[in-house]
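Enquirer: What follows is the file structure-v6.pdb, containing PDB, C-alpha atoms and all ligand atoms:
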MODEL        1
ATOM      1  CA  MET C   1      87.125 113.835  90.300
ATOM      2  CA  LYS C   2      89.437 113.684  87.299
ATOM      3  CA  ILE C   3      92.563 115.736  86.637
ATOM      4  CA  GLY C   4      94.118 116.091  83.188
ATOM      5  CA  ILE C   5      97.863 116.528  82.756
ATOM      6  CA  VAL C   6      98.197 118.407  79.467
ATOM      7  CA  ILE C   7     101.407 117.917  77.482
ATOM      8  CA  GLY C   8     101.750 121.462  76.197
ATOM      9  CA  SER C   9     104.455 121.040  73.559
ATOM     10  CA  VAL C  10     103.579 119.688  70.116
ATOM     11  CA  ARG C  11     107.145 119.970  68.814
ATOM     12  CA  ASP C  12     108.859 116.944  67.256
ATOM     13  CA  GLY C  13     111.463 115.730  69.755
ATOM     14  CA  ARG C  14     109.824 117.614  72.618
ATOM     15  CA  ILE C  15     111.180 117.085  76.112
ATOM     16  CA  GLY C  16     107.792 117.980  77.604
ATOM     17  CA  VAL C  17     106.718 114.329  77.392
ATOM     18  CA  GLN C  18     109.370 113.425  79.977
ATOM     19  CA  VAL C  19     108.178 116.153  82.329
ATOM     20  CA  ALA C  20     104.517 115.162  81.928
ATOM     21  CA  ASN C  21     105.308 111.460  82.401
ATOM     22  CA  TRP C  22     107.172 112.273  85.609
ATOM     23  CA  VAL C  23     104.214 114.298  86.936
ATOM     24  CA  HIS C  24     101.852 111.455  85.972
ATOM     25  CA  GLU C  25     104.061 108.885  87.694
ATOM     26  CA  GLN C  26     104.113 110.950  90.897
ATOM     27  CA  ALA C  27     100.281 111.057  90.869
ATOM     28  CA  LYS C  28      99.885 107.277  90.551
ATOM     29  CA  GLU C  29      99.289 106.472  94.206
ATOM     30  CA  ARG C  30      96.783 109.250  94.778
ATOM     31  CA  ASP C  31      93.057 108.644  95.317
ATOM     32  CA  VAL C  32      92.189 111.009  92.463
ATOM     33  CA  ALA C  33      92.494 109.909  88.807
ATOM     34  CA  TYR C  34      95.188 111.717  86.811
ATOM     35  CA  ASP C  35      95.316 111.192  83.025
ATOM     36  CA  LEU C  36      97.795 112.368  80.424
ATOM     37  CA  ILE C  37      96.288 114.513  77.673
ATOM     38  CA  ASP C  38      98.684 114.776  74.743
ATOM     39  CA  LEU C  39      97.860 117.932  72.791
ATOM     40  CA  LYS C  40      99.878 116.688  69.810
ATOM     41  CA  GLU C  41      97.470 113.760  69.324
ATOM     42  CA  PHE C  42      94.617 116.164  68.609
ATOM     43  CA  ASP C  43      96.342 117.789  65.629
ATOM     44  CA  LEU C  44      94.339 120.964  66.155
ATOM     45  CA  PRO C  45      94.132 123.489  63.310
ATOM     46  CA  VAL C  46      94.950 127.128  63.882
ATOM     47  CA  TYR C  47      91.901 128.932  65.204
ATOM     48  CA  THR C  48      90.173 130.633  62.273
ATOM     49  CA  SER C  49      86.524 130.166  63.159
ATOM     50  CA  SER C  50      84.085 133.029  62.589
ATOM     51  CA  ARG C  51      82.232 131.873  65.704
ATOM     52  CA  VAL C  52      83.386 132.891  69.156
ATOM     53  CA  PRO C  53      84.096 129.776  71.276
ATOM     54  CA  ALA C  54      81.912 130.988  74.151
ATOM     55  CA  ALA C  55      78.940 131.081  71.743
ATOM     56  CA  SER C  56      79.660 127.797  69.958
ATOM     57  CA  ASP C  57      77.598 125.481  72.146
ATOM     58  CA  LYS C  58      80.606 123.116  72.280
ATOM     59  CA  ASN C  59      80.335 122.422  68.556
ATOM     60  CA  TYR C  60      83.253 123.887  66.681
ATOM     61  CA  GLY C  61      82.577 122.538  63.192
ATOM     62  CA  ASP C  62      85.762 120.446  63.138
ATOM     63  CA  ASP C  63      86.083 116.872  64.409
ATOM     64  CA  ARG C  64      89.551 117.484  65.820
ATOM     65  CA  VAL C  65      88.368 120.454  67.853
ATOM     66  CA  ASN C  66      85.191 118.688  68.961
ATOM     67  CA  ARG C  67      87.328 115.806  70.233
ATOM     68  CA  TRP C  68      89.507 118.269  72.135
ATOM     69  CA  SER C  69      86.363 119.909  73.522
ATOM     70  CA  GLY C  70      84.935 116.579  74.710
ATOM     71  CA  THR C  71      88.214 115.583  76.309
ATOM     72  CA  ILE C  72      88.721 118.812  78.246
ATOM     73  CA  ASP C  73      85.050 118.901  79.224
ATOM     74  CA  ALA C  74      85.423 115.607  81.100
ATOM     75  CA  TYR C  75      87.993 116.941  83.596
ATOM     76  CA  ASP C  76      87.604 118.887  86.847
ATOM     77  CA  GLY C  77      91.126 120.257  86.964
ATOM     78  CA  PHE C  78      94.318 120.451  84.967
ATOM     79  CA  VAL C  79      98.069 120.486  85.170
ATOM     80  CA  PHE C  80      99.528 122.379  82.227
ATOM     81  CA  VAL C  81     103.012 121.066  81.529
ATOM     82  CA  THR C  82     104.239 124.049  79.600
ATOM     83  CA  PRO C  83     107.474 125.022  77.899
ATOM     84  CA  GLU C  84     108.491 128.680  77.704
ATOM     85  CA  TYR C  85     108.911 129.910  74.143
ATOM     86  CA  ASN C  86     110.424 133.357  73.554
ATOM     87  CA  HIS C  87     109.748 134.340  77.161
ATOM     88  CA  GLY C  88     106.071 133.522  76.715
ATOM     89  CA  VAL C  89     103.355 130.924  76.244
ATOM     90  CA  PRO C  90     103.827 128.252  73.545
ATOM     91  CA  GLY C  91     101.627 129.050  70.554
ATOM     92  CA  GLY C  92     100.237 125.517  70.153
ATOM     93  CA  LEU C  93      98.889 125.353  73.684
ATOM     94  CA  LYS C  94      97.552 128.913  73.561
ATOM     95  CA  ASN C  95      95.773 128.059  70.300
ATOM     96  CA  ALA C  96      94.277 124.961  71.944
ATOM     97  CA  PHE C  97      93.197 127.037  74.930
ATOM     98  CA  ASP C  98      91.576 129.657  72.674
ATOM     99  CA  TRP C  99      89.607 127.157  70.533
ATOM    100  CA  ILE C 100      87.222 126.218  73.349
ATOM    101  CA  PHE C 101      85.785 128.092  76.309
ATOM    102  CA  PRO C 102      82.974 126.581  78.462
ATOM    103  CA  GLU C 103      85.087 123.417  78.808
ATOM    104  CA  TRP C 104      87.605 125.384  80.921
ATOM    105  CA  TRP C 105      85.025 127.394  82.833
ATOM    106  CA  SER C 106      85.304 127.456  86.641
ATOM    107  CA  LYS C 107      87.862 124.671  86.873
ATOM    108  CA  ALA C 108      91.150 124.566  88.729
ATOM    109  CA  ILE C 109      94.587 124.587  87.171
ATOM    110  CA  ALA C 110      98.222 124.128  88.181
ATOM    111  CA  PHE C 111     101.357 124.754  86.168
ATOM    112  CA  VAL C 112     104.577 122.836  85.674
ATOM    113  CA  SER C 113     107.039 124.760  83.524
ATOM    114  CA  TYR C 114     110.413 123.993  82.054
ATOM    115  CA  GLY C 115     112.977 125.803  79.982
ATOM    116  CA  ALA C 116     116.586 126.872  79.943
ATOM    117  CA  ALA C 117     115.635 129.461  82.571
ATOM    118  CA  PHE C 118     113.028 127.312  84.412
ATOM    119  CA  GLY C 119     110.055 128.843  82.597
ATOM    120  CA  PHE C 120     109.037 131.101  85.470
ATOM    121  CA  ARG C 121     107.919 133.755  82.968
ATOM    122  CA  VAL C 122     105.580 131.436  81.094
ATOM    123  CA  ILE C 123     103.627 130.606  84.240
ATOM    124  CA  GLU C 124     103.226 134.311  85.007
ATOM    125  CA  GLN C 125     101.792 134.716  81.505
ATOM    126  CA  TRP C 126      99.391 131.792  81.835
ATOM    127  CA  ARG C 127      97.843 133.037  85.081
ATOM    128  CA  PRO C 128      95.991 136.085  83.633
ATOM    129  CA  ILE C 129      95.025 134.078  80.540
ATOM    130  CA  VAL C 130      93.244 131.326  82.473
ATOM    131  CA  ALA C 131      91.563 133.933  84.681
ATOM    132  CA  ASN C 132      89.432 134.873  81.668
ATOM    133  CA  ALA C 133      87.801 131.436  81.882
ATOM    134  CA  ASN C 134      87.142 131.947  85.596
ATOM    135  CA  MET C 135      89.717 129.277  86.385
ATOM    136  CA  PHE C 136      91.332 129.044  89.804
ATOM    137  CA  ASP C 137      95.099 128.886  89.341
ATOM    138  CA  ILE C 138      96.739 127.438  92.415
ATOM    139  CA  LYS C 139      99.899 129.023  93.780
ATOM    140  CA  ALA C 140     101.940 125.818  93.982
ATOM    141  CA  GLN C 141     103.999 125.275  90.849
ATOM    142  CA  LEU C 142     107.042 123.360  89.656
ATOM    143  CA  SER C 143     109.696 124.733  87.344
ATOM    144  CA  PHE C 144     112.517 122.693  85.826
ATOM    145  CA  SER C 145     115.660 123.999  84.167
ATOM    146  CA  THR C 146     117.006 122.170  81.141
ATOM    147  CA  MET C 147     120.471 123.180  82.428
ATOM    148  CA  ILE C 148     120.075 121.839  85.974
ATOM    149  CA  ASP C 149     117.279 119.268  86.146
ATOM    150  CA  PHE C 150     118.251 117.308  83.026
ATOM    151  CA  GLU C 151     121.355 115.169  82.587
ATOM    152  CA  ASP C 152     122.250 114.250  79.002
ATOM    153  CA  GLY C 153     118.719 115.217  78.007
ATOM    154  CA  ILE C 154     117.066 113.044  80.684
ATOM    155  CA  LEU C 155     114.937 114.605  83.431
ATOM    156  CA  THR C 156     116.524 113.939  86.826
ATOM    157  CA  PRO C 157     114.411 115.754  89.416
ATOM    158  CA  ALA C 158     115.781 116.388  92.900
ATOM    159  CA  GLN C 159     113.944 114.989  95.934
ATOM    160  CA  ARG C 160     112.560 118.441  96.740
ATOM    161  CA  HIS C 161     110.572 118.299  93.491
ATOM    162  CA  THR C 162     108.828 115.136  94.702
ATOM    163  CA  ASP C 163     107.798 116.993  97.854
ATOM    164  CA  GLU C 164     106.744 120.034  95.818
ATOM    165  CA  VAL C 165     104.590 118.039  93.421
ATOM    166  CA  THR C 166     102.810 116.353  96.337
ATOM    167  CA  ARG C 167     101.870 119.775  97.704
ATOM    168  CA  LEU C 168     100.770 120.810  94.210
ATOM    169  CA  PHE C 169      98.489 117.758  93.927
ATOM    170  CA  GLU C 170      96.964 118.378  97.364
ATOM    171  CA  SER C 171      96.206 121.998  96.545
ATOM    172  CA  LEU C 172      94.925 121.247  93.040
ATOM    173  CA  GLU C 173      92.579 118.508  94.246
ATOM    174  CA  ALA C 174      91.146 120.797  96.941
ATOM    175  CA  ALA C 175      90.679 123.620  94.424
ATOM    176  CA  SER C 176      89.135 121.280  91.827
ATOM    177  CA  GLY C 177      86.584 120.108  94.389
ATOM    178  CA  ALA C 178      85.783 123.648  95.469
ATOM    179  CA  MET C 179      85.402 124.900  91.890
ATOM    180  CA  SER C 180      83.001 122.076  91.014
ATOM    181  CA  THR C 181      80.468 123.668  93.371
ATOM    182  CA  LEU C 182      80.465 126.779  91.130
ATOM    183  CA  ARG C 183      79.484 124.700  88.094
ATOM    184  CA  GLN C 184      76.305 123.199  89.571
TER     185      GLN C 184
HETATM  186  C1  LIG C 201     110.708 128.506  69.745
HETATM  187  C2  LIG C 201     111.480 128.294  71.013
HETATM  188  C3  LIG C 201     111.635 129.323  71.904
HETATM  189  C4  LIG C 201     112.308 129.131  73.112
HETATM  190  N1  LIG C 201     112.354 130.137  74.009
HETATM  191  C5  LIG C 201     112.811 129.878  75.256
HETATM  192  C6  LIG C 201     112.680 130.857  76.272
HETATM  193  O1  LIG C 201     112.182 131.939  76.068
HETATM  194  N2  LIG C 201     113.108 130.555  77.522
HETATM  195  C7  LIG C 201     113.681 129.347  77.823
HETATM  196  O2  LIG C 201     114.033 129.111  78.975
HETATM  197  N3  LIG C 201     113.844 128.401  76.867
HETATM  198  C8  LIG C 201     113.417 128.638  75.599
HETATM  199  N4  LIG C 201     113.531 127.687  74.618
HETATM  200  C9  LIG C 201     114.254 126.457  74.922
HETATM  201  C10 LIG C 201     113.279 125.418  75.408
HETATM  202  O3  LIG C 201     113.156 125.504  76.804
HETATM  203  C11 LIG C 201     113.745 124.010  75.035
HETATM  204  O4  LIG C 201     113.924 123.941  73.617
HETATM  205  C12 LIG C 201     112.731 122.955  75.422
HETATM  206  O5  LIG C 201     113.206 121.705  74.991
HETATM  207  C13 LIG C 201     111.370 123.233  74.792
HETATM  208  O6  LIG C 201     110.401 122.317  75.242
HETATM  209  P1  LIG C 201     109.854 121.147  74.297
HETATM  210  O7  LIG C 201     111.072 120.355  73.837
HETATM  211  O8  LIG C 201     108.973 120.310  75.179
HETATM  212  O9  LIG C 201     109.132 121.784  73.166
HETATM  213  C14 LIG C 201     112.897 127.878  73.410
HETATM  214  C15 LIG C 201     112.747 126.839  72.471
HETATM  215  C16 LIG C 201     112.041 127.034  71.299
HETATM  216  C17 LIG C 201     111.850 125.868  70.349
ENDMDL
END
What would the structure in this file look like if it were written as structure tokens?
Expert:
Amino acid sequence: MKIGIVIGSVRDGRIGVQVANWVHEQAKERDVAYDLIDLKEFDLPVYTSSRVPAASDKNYGDDRVNRWSGTIDAYDGFVFVTPEYNHGVPGGLKNAFDWIFPEWWSKAIAFVSYGAAFGFRVIEQWRPIVANANMFDIKAQLSFSTMIDFEDGILTPAQRHTDEVTRLFESLEAASGAMSTLRQ
């Protein structure tokens, strides 16, 4: 089983890398493999294809998108490390989600949000979006405030977050295993 931790901000100077690195670090001692997937490295174009992703047979006519497709396809579950932009989902990550479809199908997903106001709203927006790909979104989530959980721009999570992320991993791994039976 492999879980991908997706860095959902592609902004220059993004703080999301710190959040994703912390999640990755916490997963180090687990029996399941957790990898960082940096969306920015894929340099995805804006979705303009005439073909619907569900009918594209995992070939999107663009090397950058095909690389994204192959990467996501290889994972059983995901942690989206997502900022909240304008009370909603960040456009870059939504665009990346929209480009492909069977690669997400019947997999499990967890959310870690951050923002001035914790990013609770962005997770509530992601949940109905991922449902369209028949994904199982686990209840456990983490939400960091840039006002409370960062000191001088550096993420400084409280001990309770370490406990929370352990519960998130346990639930996500169980859900990822269960969802794999739907893909056989
Ligand atoms: C376009 C934009 C919109 C934002 N909207 C929100 C918001 O709705 N709620 C919030 O809590 N923070 C908001 N912020 C502040 C972000 O939480 C903060 O800039 C954070 O660093 C963004 O994550 P990133 O650096 O990983 O991209 C916004 C930031 C940007 C750039």
Enquirer: Applying the PyMOL selection byres (((not hetatm)) within 8 of (chain C and resi 201)) to the file I just gave you, which residues come out? Please list them as a list of chain:residue names.
Expert: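 Evaluating the PyMOL selection byres (((not hetatm)) within 8 of (chain C and resi 201)) on this file yields C:Gly8, C:Ser9, C:Val10, C:Arg11, C:Asp12, C:Gly13, C:Arg14, C:Ile15, C:Gly16, C:Val17, C:Thr82, C:Pro83, C:Glu84, C:Tyr85, C:Asn86, C:His87, C:Gly88, C:Pro90, C:Tyr114, C:Gly115, C:Ala116, C:Ala117, C:Phe118, C:Gly119, C:Ser145, C:Thr146.
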Enquirer: Would you mind reading off the distance between CA of Asp63 (chain C) and CA of Ala110 (chain C), one decimal, in Å?
Expert: 27.7 Å
Enquirer: Determine the residue set returned by the PyMOL selection byres (((chain C and resi 169) around 10) and not hetatm) for the present structure, and present it as a ChimeraX atom specification.
Expert: /C:3,23,26-27,30,32,34,79,110,138,140-141,164-168,170-175
Enquirer: Hey, what comes out of the PyMOL selection byres (((chain C and resi 59) around 12) and not hetatm) on this file? Could you write it as a PyMOL selection string?
Expert: chain C and resi 49+51-58+60-70+99-103
Enquirer: State, in Å with one decimal place, the distance from CA of Gln125 (chain C) to CA of Glu151 (chain C).
Expert: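 A separation of 27.7 Å between them.
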